[in-house]
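One file, my_file-v4.pdb, is given below (PDB, C-alpha atoms).
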ATOM      1  CA  MET A   7     124.546  50.779  29.131  1.00  0.00           C
ATOM      2  CA  VAL A   8     125.594  54.119  27.631  1.00  0.00           C
ATOM      3  CA  VAL A   9     129.162  54.741  26.439  1.00  0.00           C
ATOM      4  CA  ASP A  10     130.242  58.203  25.275  1.00  0.00           C
ATOM      5  CA  ASP A  11     133.246  60.374  26.103  1.00  0.00           C
ATOM      6  CA  HIS A  12     131.187  63.599  26.232  1.00  0.00           C
ATOM      7  CA  PRO A  13     129.699  63.850  29.757  1.00  0.00           C
ATOM      8  CA  MET A  14     126.721  66.009  28.777  1.00  0.00           C
ATOM      9  CA  TRP A  15     125.787  63.732  25.887  1.00  0.00           C
ATOM     10  CA  ARG A  16     126.287  60.560  27.949  1.00  0.00           C
ATOM     11  CA  GLU A  17     124.232  61.876  30.850  1.00  0.00           C
ATOM     12  CA  GLY A  18     121.548  63.222  28.525  1.00  0.00           C
ATOM     13  CA  VAL A  19     121.065  59.882  26.766  1.00  0.00           C
ATOM     14  CA  ALA A  20     121.026  58.017  30.083  1.00  0.00           C
ATOM     15  CA  ARG A  21     118.436  60.457  31.438  1.00  0.00           C
ATOM     16  CA  ASP A  22     116.210  60.133  28.363  1.00  0.00           C
ATOM     17  CA  LEU A  23     116.281  56.330  28.624  1.00  0.00           C
ATOM     18  CA  THR A  24     115.530  56.381  32.336  1.00  0.00           C
ATOM     19  CA  GLU A  25     112.660  58.837  31.929  1.00  0.00           C
ATOM     20  CA  ASP A  26     111.174  56.541  29.298  1.00  0.00           C
ATOM     21  CA  GLY A  27     111.077  53.653  31.767  1.00  0.00           C
ATOM     22  CA  MET A  28     114.302  51.859  30.844  1.00  0.00           C
ATOM     23  CA  ARG A  29     116.972  50.936  33.369  1.00  0.00           C
ATOM     24  CA  VAL A  30     120.489  52.191  32.710  1.00  0.00           C
ATOM     25  CA  VAL A  31     122.735  49.622  34.387  1.00  0.00           C
ATOM     26  CA  ALA A  32     126.039  51.412  33.695  1.00  0.00           C
ATOM     27  CA  THR A  33     127.734  54.262  31.857  1.00  0.00           C
ATOM     28  CA  ALA A  34     131.315  54.635  30.648  1.00  0.00           C
ATOM     29  CA  ALA A  35     133.460  57.386  29.166  1.00  0.00           C
ATOM     30  CA  ASP A  36     135.887  55.333  27.062  1.00  0.00           C
ATOM     31  CA  GLY A  37     136.471  51.882  25.614  1.00  0.00           C
ATOM     32  CA  ARG A  38     138.598  50.606  28.472  1.00  0.00           C
ATOM     33  CA  GLU A  39     136.005  51.620  31.051  1.00  0.00           C
ATOM     34  CA  ALA A  40     133.214  50.105  28.961  1.00  0.00           C
ATOM     35  CA  LEU A  41     134.951  46.740  28.692  1.00  0.00           C
ATOM     36  CA  ALA A  42     135.757  46.765  32.422  1.00  0.00           C
ATOM     37  CA  ARG A  43     132.142  47.433  33.426  1.00  0.00           C
ATOM     38  CA  PHE A  44     130.387  45.298  30.831  1.00  0.00           C
ATOM     39  CA  PRO A  45     130.820  41.819  32.432  1.00  0.00           C
ATOM     40  CA  ALA A  46     129.191  42.878  35.700  1.00  0.00           C
ATOM     41  CA  ALA A  47     126.554  45.143  34.118  1.00  0.00           C
ATOM     42  CA  ARG A  48     125.446  42.654  31.408  1.00  0.00           C
ATOM     43  CA  PRO A  49     123.228  45.171  29.587  1.00  0.00           C
ATOM     44  CA  GLN A  50     120.607  43.991  27.143  1.00  0.00           C
ATOM     45  CA  VAL A  51     121.426  46.966  24.899  1.00  0.00           C
ATOM     46  CA  LEU A  52     124.695  48.889  24.626  1.00  0.00           C
ATOM     47  CA  VAL A  53     124.329  52.440  23.254  1.00  0.00           C
ATOM     48  CA  LEU A  54     127.825  53.187  22.015  1.00  0.00           C
ATOM     49  CA  ASP A  55     129.658  56.093  20.402  1.00  0.00           C
ATOM     50  CA  LEU A  56     132.270  55.089  17.822  1.00  0.00           C
ATOM     51  CA  GLN A  57     134.789  57.862  18.424  1.00  0.00           C
ATOM     52  CA  ILE A  58     135.673  57.140  22.046  1.00  0.00           C
ATOM     53  CA  PRO A  59     139.174  56.930  23.544  1.00  0.00           C
ATOM     54  CA  GLU A  60     140.874  53.574  22.982  1.00  0.00           C
ATOM     55  CA  PRO A  61     139.749  51.003  22.349  1.00  0.00           C
ATOM     56  CA  ARG A  62     137.405  52.599  19.826  1.00  0.00           C
ATOM     57  CA  GLY A  63     133.758  51.715  19.388  1.00  0.00           C
ATOM     58  CA  VAL A  64     134.238  49.097  16.661  1.00  0.00           C
ATOM     59  CA  GLU A  65     136.666  47.108  18.806  1.00  0.00           C
ATOM     60  CA  VAL A  66     134.427  47.453  21.856  1.00  0.00           C
ATOM     61  CA  THR A  67     131.508  46.145  19.775  1.00  0.00           C
ATOM     62  CA  ALA A  68     133.428  43.075  18.639  1.00  0.00           C
ATOM     63  CA  ARG A  69     134.666  42.302  22.139  1.00  0.00           C
ATOM     64  CA  VAL A  70     131.330  42.648  23.955  1.00  0.00           C
ATOM     65  CA  VAL A  71     129.553  40.550  21.307  1.00  0.00           C
ATOM     66  CA  ALA A  72     132.229  37.879  21.769  1.00  0.00           C
ATOM     67  CA  LEU A  73     131.657  38.015  25.542  1.00  0.00           C
ATOM     68  CA  ASP A  74     127.865  37.935  25.248  1.00  0.00           C
ATOM     69  CA  PRO A  75     126.369  37.102  21.805  1.00  0.00           C
ATOM     70  CA  SER A  76     122.904  38.088  23.048  1.00  0.00           C
ATOM     71  CA  VAL A  77     123.854  41.753  23.625  1.00  0.00           C
ATOM     72  CA  ARG A  78     122.429  44.292  21.180  1.00  0.00           C
ATOM     73  CA  VAL A  79     124.805  47.110  20.219  1.00  0.00           C
ATOM     74  CA  LEU A  80     123.263  50.359  18.982  1.00  0.00           C
ATOM     75  CA  ILE A  81     125.861  52.745  17.594  1.00  0.00           C
ATOM     76  CA  LEU A  82     125.060  56.419  18.209  1.00  0.00           C
ATOM     77  CA  SER A  83     127.662  58.369  16.291  1.00  0.00           C
ATOM     78  CA  ALA A  84     128.258  61.773  14.720  1.00  0.00           C
ATOM     79  CA  SER A  85     129.602  59.937  11.654  1.00  0.00           C
ATOM     80  CA  GLY A  86     127.410  58.650   8.861  1.00  0.00           C
ATOM     81  CA  GLU A  87     130.371  57.605   6.716  1.00  0.00           C
ATOM     82  CA  GLN A  88     129.900  54.349   4.823  1.00  0.00           C
ATOM     83  CA  GLN A  89     133.058  52.706   6.168  1.00  0.00           C
ATOM     84  CA  ASP A  90     132.171  53.521   9.782  1.00  0.00           C
ATOM     85  CA  VAL A  91     128.726  51.978   9.327  1.00  0.00           C
ATOM     86  CA  LEU A  92     130.076  48.839   7.652  1.00  0.00           C
ATOM     87  CA  ASP A  93     132.863  48.384  10.195  1.00  0.00           C
ATOM     88  CA  ALA A  94     130.370  48.656  13.052  1.00  0.00           C
ATOM     89  CA  VAL A  95     127.931  46.152  11.534  1.00  0.00           C
ATOM     90  CA  LYS A  96     130.713  43.695  10.675  1.00  0.00           C
ATOM     91  CA  ALA A  97     131.849  43.905  14.298  1.00  0.00           C
ATOM     92  CA  GLY A  98     128.344  42.910  15.419  1.00  0.00           C
ATOM     93  CA  ALA A  99     126.341  46.128  15.853  1.00  0.00           C
ATOM     94  CA  THR A 100     122.588  45.635  15.511  1.00  0.00           C
ATOM     95  CA  GLY A 101     121.760  49.266  14.767  1.00  0.00           C
ATOM     96  CA  TYR A 102     123.331  52.576  13.779  1.00  0.00           C
ATOM     97  CA  LEU A 103     121.940  56.061  14.404  1.00  0.00           C
ATOM     98  CA  VAL A 104     123.615  59.373  13.706  1.00  0.00           C
ATOM     99  CA  LYS A 105     123.541  61.879  16.546  1.00  0.00           C
ATOM    100  CA  SER A 106     121.198  64.166  14.643  1.00  0.00           C
ATOM    101  CA  ALA A 107     118.427  61.658  15.448  1.00  0.00           C
ATOM    102  CA  SER A 108     115.623  62.964  17.642  1.00  0.00           C
ATOM    103  CA  ARG A 109     114.970  61.814  21.208  1.00  0.00           C
ATOM    104  CA  ALA A 110     111.915  59.878  19.983  1.00  0.00           C
ATOM    105  CA  GLU A 111     113.974  58.158  17.266  1.00  0.00           C
ATOM    106  CA  LEU A 112     116.611  57.142  19.814  1.00  0.00           C
ATOM    107  CA  LEU A 113     114.067  55.712  22.257  1.00  0.00           C
ATOM    108  CA  GLU A 114     112.302  53.791  19.491  1.00  0.00           C
ATOM    109  CA  ALA A 115     115.652  52.484  18.204  1.00  0.00           C
ATOM    110  CA  VAL A 116     116.686  51.197  21.637  1.00  0.00           C
ATOM    111  CA  ARG A 117     113.364  49.394  22.078  1.00  0.00           C
ATOM    112  CA  ARG A 118     113.474  47.860  18.596  1.00  0.00           C
ATOM    113  CA  VAL A 119     117.100  46.789  18.966  1.00  0.00           C
ATOM    114  CA  ALA A 120     116.225  45.161  22.308  1.00  0.00           C
ATOM    115  CA  LEU A 121     113.660  43.050  20.425  1.00  0.00           C
ATOM    116  CA  GLY A 122     116.291  41.974  17.901  1.00  0.00           C
ATOM    117  CA  ASP A 123     115.397  44.339  15.064  1.00  0.00           C
ATOM    118  CA  THR A 124     118.086  46.008  13.003  1.00  0.00           C
ATOM    119  CA  VAL A 125     117.676  49.793  13.069  1.00  0.00           C
ATOM    120  CA  PHE A 126     119.491  52.323  10.919  1.00  0.00           C
ATOM    121  CA  THR A 127     119.270  56.032  10.292  1.00  0.00           C
ATOM    122  CA  PRO A 128     117.378  56.347   6.959  1.00  0.00           C
ATOM    123  CA  GLY A 129     119.717  55.775   4.043  1.00  0.00           C
ATOM    124  CA  LEU A 130     122.311  53.763   5.958  1.00  0.00           C
ATOM    125  CA  ALA A 131     120.536  50.391   5.710  1.00  0.00           C
ATOM    126  CA  GLY A 132     121.088  50.419   1.953  1.00  0.00           C
ATOM    127  CA  LEU A 133     124.847  50.664   2.483  1.00  0.00           C
ATOM    128  CA  VAL A 134     124.820  47.549   4.622  1.00  0.00           C
ATOM    129  CA  LEU A 135     122.609  45.517   2.294  1.00  0.00           C
ATOM    130  CA  GLY A 136     124.735  46.564  -0.665  1.00  0.00           C
ATOM    131  CA  GLU A 137     127.874  45.377   1.102  1.00  0.00           C
ATOM    132  CA  TYR A 138     126.246  42.055   1.987  1.00  0.00           C
ATOM    133  CA  ARG A 139     125.309  41.550  -1.653  1.00  0.00           C
ATOM    134  CA  ARG A 140     128.906  42.225  -2.641  1.00  0.00           C
ATOM    135  CA  LEU A 141     130.188  39.745  -0.084  1.00  0.00           C
ATOM    136  CA  SER A 142     127.621  37.161  -1.167  1.00  0.00           C
ATOM    137  CA  ASP A 143     129.205  37.074  -4.635  1.00  0.00           C
ATOM    138  CA  THR A 144     131.695  34.670  -3.063  1.00  0.00           C
ATOM    139  CA  PRO A 145     130.170  31.225  -3.695  1.00  0.00           C
ATOM    140  CA  THR A 146     129.286  29.107  -0.691  1.00  0.00           C
ATOM    141  CA  THR A 147     129.230  25.342  -0.655  1.00  0.00           C
ATOM    142  CA  ALA A 148     126.090  23.586   0.464  1.00  0.00           C
ATOM    143  CA  GLY A 149     126.253  19.948   1.430  1.00  0.00           C
ATOM    144  CA  ASP A 150     123.637  17.463   2.557  1.00  0.00           C
ATOM    145  CA  ASP A 151     123.855  18.922   6.055  1.00  0.00           C
ATOM    146  CA  THR A 152     122.410  22.246   4.900  1.00  0.00           C
ATOM    147  CA  PRO A 153     119.855  23.245   7.562  1.00  0.00           C
ATOM    148  CA  ARG A 154     116.256  22.738   6.500  1.00  0.00           C
ATOM    149  CA  LEU A 155     113.901  25.600   7.231  1.00  0.00           C
ATOM    150  CA  THR A 156     110.135  25.259   7.250  1.00  0.00           C
ATOM    151  CA  ASP A 157     108.098  27.188   4.696  1.00  0.00           C
ATOM    152  CA  ARG A 158     106.998  29.607   7.419  1.00  0.00           C
ATOM    153  CA  GLU A 159     110.582  30.128   8.643  1.00  0.00           C
ATOM    154  CA  THR A 160     111.684  30.811   5.073  1.00  0.00           C
ATOM    155  CA  GLU A 161     108.837  33.292   4.625  1.00  0.00           C
ATOM    156  CA  VAL A 162     109.755  35.115   7.830  1.00  0.00           C
ATOM    157  CA  LEU A 163     113.438  35.103   6.844  1.00  0.00           C
ATOM    158  CA  ARG A 164     112.592  36.645   3.464  1.00  0.00           C
ATOM    159  CA  LEU A 165     110.775  39.515   5.209  1.00  0.00           C
ATOM    160  CA  VAL A 166     113.680  39.949   7.645  1.00  0.00           C
ATOM    161  CA  ALA A 167     115.983  40.302   4.635  1.00  0.00           C
ATOM    162  CA  LYS A 168     113.660  43.007   3.275  1.00  0.00           C
ATOM    163  CA  GLY A 169     114.265  45.002   6.450  1.00  0.00           C
ATOM    164  CA  LEU A 170     110.795  44.634   7.979  1.00  0.00           C
ATOM    165  CA  SER A 171     110.448  44.861  11.754  1.00  0.00           C
ATOM    166  CA  TYR A 172     108.949  42.028  13.793  1.00  0.00           C
ATOM    167  CA  LYS A 173     105.760  44.071  14.168  1.00  0.00           C
ATOM    168  CA  GLN A 174     105.504  44.607  10.408  1.00  0.00           C
ATOM    169  CA  ILE A 175     106.158  40.912   9.723  1.00  0.00           C
ATOM    170  CA  ALA A 176     103.519  39.921  12.277  1.00  0.00           C
ATOM    171  CA  GLU A 177     100.938  42.207  10.663  1.00  0.00           C
ATOM    172  CA  ARG A 178     101.754  41.026   7.136  1.00  0.00           C
ATOM    173  CA  LEU A 179     101.548  37.320   8.035  1.00  0.00           C
ATOM    174  CA  VAL A 180      98.709  37.746  10.565  1.00  0.00           C
ATOM    175  CA  LEU A 181     100.813  36.295  13.370  1.00  0.00           C
ATOM    176  CA  SER A 182     101.586  37.432  16.894  1.00  0.00           C
ATOM    177  CA  HIS A 183     104.819  39.313  17.601  1.00  0.00           C
ATOM    178  CA  ARG A 184     105.904  36.399  19.834  1.00  0.00           C
ATOM    179  CA  THR A 185     105.334  33.849  17.054  1.00  0.00           C
ATOM    180  CA  VAL A 186     107.492  35.855  14.645  1.00  0.00           C
ATOM    181  CA  GLN A 187     110.190  36.148  17.300  1.00  0.00           C
ATOM    182  CA  ASN A 188     110.071  32.373  17.873  1.00  0.00           C
ATOM    183  CA  HIS A 189     110.437  31.692  14.144  1.00  0.00           C
ATOM    184  CA  VAL A 190     113.485  33.983  13.994  1.00  0.00           C
ATOM    185  CA  GLN A 191     115.051  32.345  17.053  1.00  0.00           C
ATOM    186  CA  ASN A 192     114.447  28.860  15.602  1.00  0.00           C
ATOM    187  CA  THR A 193     116.049  29.951  12.337  1.00  0.00           C
ATOM    188  CA  LEU A 194     119.055  31.450  14.132  1.00  0.00           C
ATOM    189  CA  ARG A 195     119.516  28.186  16.015  1.00  0.00           C
ATOM    190  CA  LYS A 196     119.225  26.002  12.903  1.00  0.00           C
ATOM    191  CA  LEU A 197     121.677  28.167  10.966  1.00  0.00           C
ATOM    192  CA  GLN A 198     123.985  28.502  13.993  1.00  0.00           C
ATOM    193  CA  LEU A 199     123.849  32.294  13.768  1.00  0.00           C
ATOM    194  CA  HIS A 200     123.949  34.653  16.742  1.00  0.00           C
ATOM    195  CA  ASN A 201     121.997  37.733  15.743  1.00  0.00           C
ATOM    196  CA  ARG A 202     119.651  39.237  13.213  1.00  0.00           C
ATOM    197  CA  VAL A 203     122.415  40.977  11.274  1.00  0.00           C
ATOM    198  CA  GLN A 204     124.006  37.596  10.518  1.00  0.00           C
ATOM    199  CA  LEU A 205     120.559  36.275   9.635  1.00  0.00           C
ATOM    200  CA  VAL A 206     120.007  39.067   7.120  1.00  0.00           C
ATOM    201  CA  ARG A 207     123.357  38.278   5.546  1.00  0.00           C
ATOM    202  CA  TYR A 208     122.443  34.596   5.218  1.00  0.00           C
ATOM    203  CA  ALA A 209     119.093  35.519   3.648  1.00  0.00           C
ATOM    204  CA  ILE A 210     120.775  37.763   1.091  1.00  0.00           C
ATOM    205  CA  GLU A 211     123.342  35.073   0.275  1.00  0.00           C
ATOM    206  CA  GLN A 212     120.416  32.737  -0.465  1.00  0.00           C
ATOM    207  CA  GLY A 213     118.792  35.381  -2.679  1.00  0.00           C
ATOM    208  CA  LEU A 214     115.711  35.657  -0.470  1.00  0.00           C
ATOM    209  CA  ASP A 215     115.755  39.444  -0.528  1.00  0.00           C
ATOM    210  CA  ASP A 216     115.368  39.471  -4.301  1.00  0.00           C
ATOM    211  CA  GLU A 217     111.966  37.796  -4.174  1.00  0.00           C
ATOM    212  CA  PRO A 218     109.116  40.301  -4.558  1.00  0.00           C
ATOM    213  CA  LEU A 219     106.843  40.948  -1.583  1.00  0.00           C
ATOM    214  CA  GLY A 220     103.375  39.524  -2.064  1.00  0.00           C
TER
END
Would you put the structure from the file into structure tokens?
Amino acid sequence: MVVDDHPMWREGVARDLTEDGMRVVATAADGREALARFPAARPQVLVLDLQIPEPRGVEVTARVVALDPSVRVLILSASGEQQDVLDAVKAGATGYLVKSASRAELLEAVRRVALGDTVFTPGLAGLVLGEYRRLSDTPTTAGDDTPRLTDRETEVLRLVAKGLSYKQIAERLVLSHRTVQNHVQNTLRKLQLHNRVQLVRYAIEQGLDDEPLG
């Protein structure tokens, strides 16, 4: 589903996705229209501009993720400002591209986001990880009911926290893409998390991203 208030941009993105073999189930020009069409369309990926008429993209992100935690939201915005990026990710966005991205970068981002990867325009991922580290300074209490992860799940989680894609993790650990995906899904279930962004935050809180890659 593509949401943008500029008709030429909206139609261009939808056309690029369709020509690449993806199915565009709906388009919308503003937040109200997006929220009205989302329940029936149930897109796997929502490509969303932040600066749309009310409600804005951040609110739309939070509301669609609440409606369907499995949806992947890819922000496609003219803004690369730190606060916009952080607000979008905190609302539940799985990826963030600036509109200067190429057609190939957009298509790759949509496919990776659909698989559960987090995708950011180069340089923006560091903003998010830095914010997560700041938030993780708040101590968390761990009781006896702390979920137990297997050694393999912990290893995969550490690589997720480093920002590696499923494909890269699979190659590094000599596993299939499906096996890596299963480990991530099992970890999400055990930790009662809903998406990879939350998983990365958990990993950073546990200090897993500070461990050197072997």
Q: Run the PyMOL selection byres ((chain A and resi 171) around 9) against the file shown and list the residues it catches, as number ranges by chain.
A: A: 118, 122-125, 165-166, 169-170, 172-176
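From CA of Ile81 (chain A) back to CA of Glu111 (chain A), the distance works out to 13.1 Å.
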(Q) List as a PyMOL selection string the protein and nucleic acid residues near Gly98 (chain A), meaning an atom at most 10 Å away when only C-alpha atoms are counted, but skip any in the same chain fewer than 5 places from it. (A) chain A and resi 64-72+75+77-80+92-93+200-204
Q. Just so the selection is clear, what residues does the PyMOL selection byres ((chain A and resi 17-32) around 7) cover here, as a ChimeraX atom specification?
A. /A:7-8,13-16,33-34,47,49,113
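Across the model, the gap from CA of Ser108 (chain A) to CA of Leu56 (chain A) is 18.4 Å.
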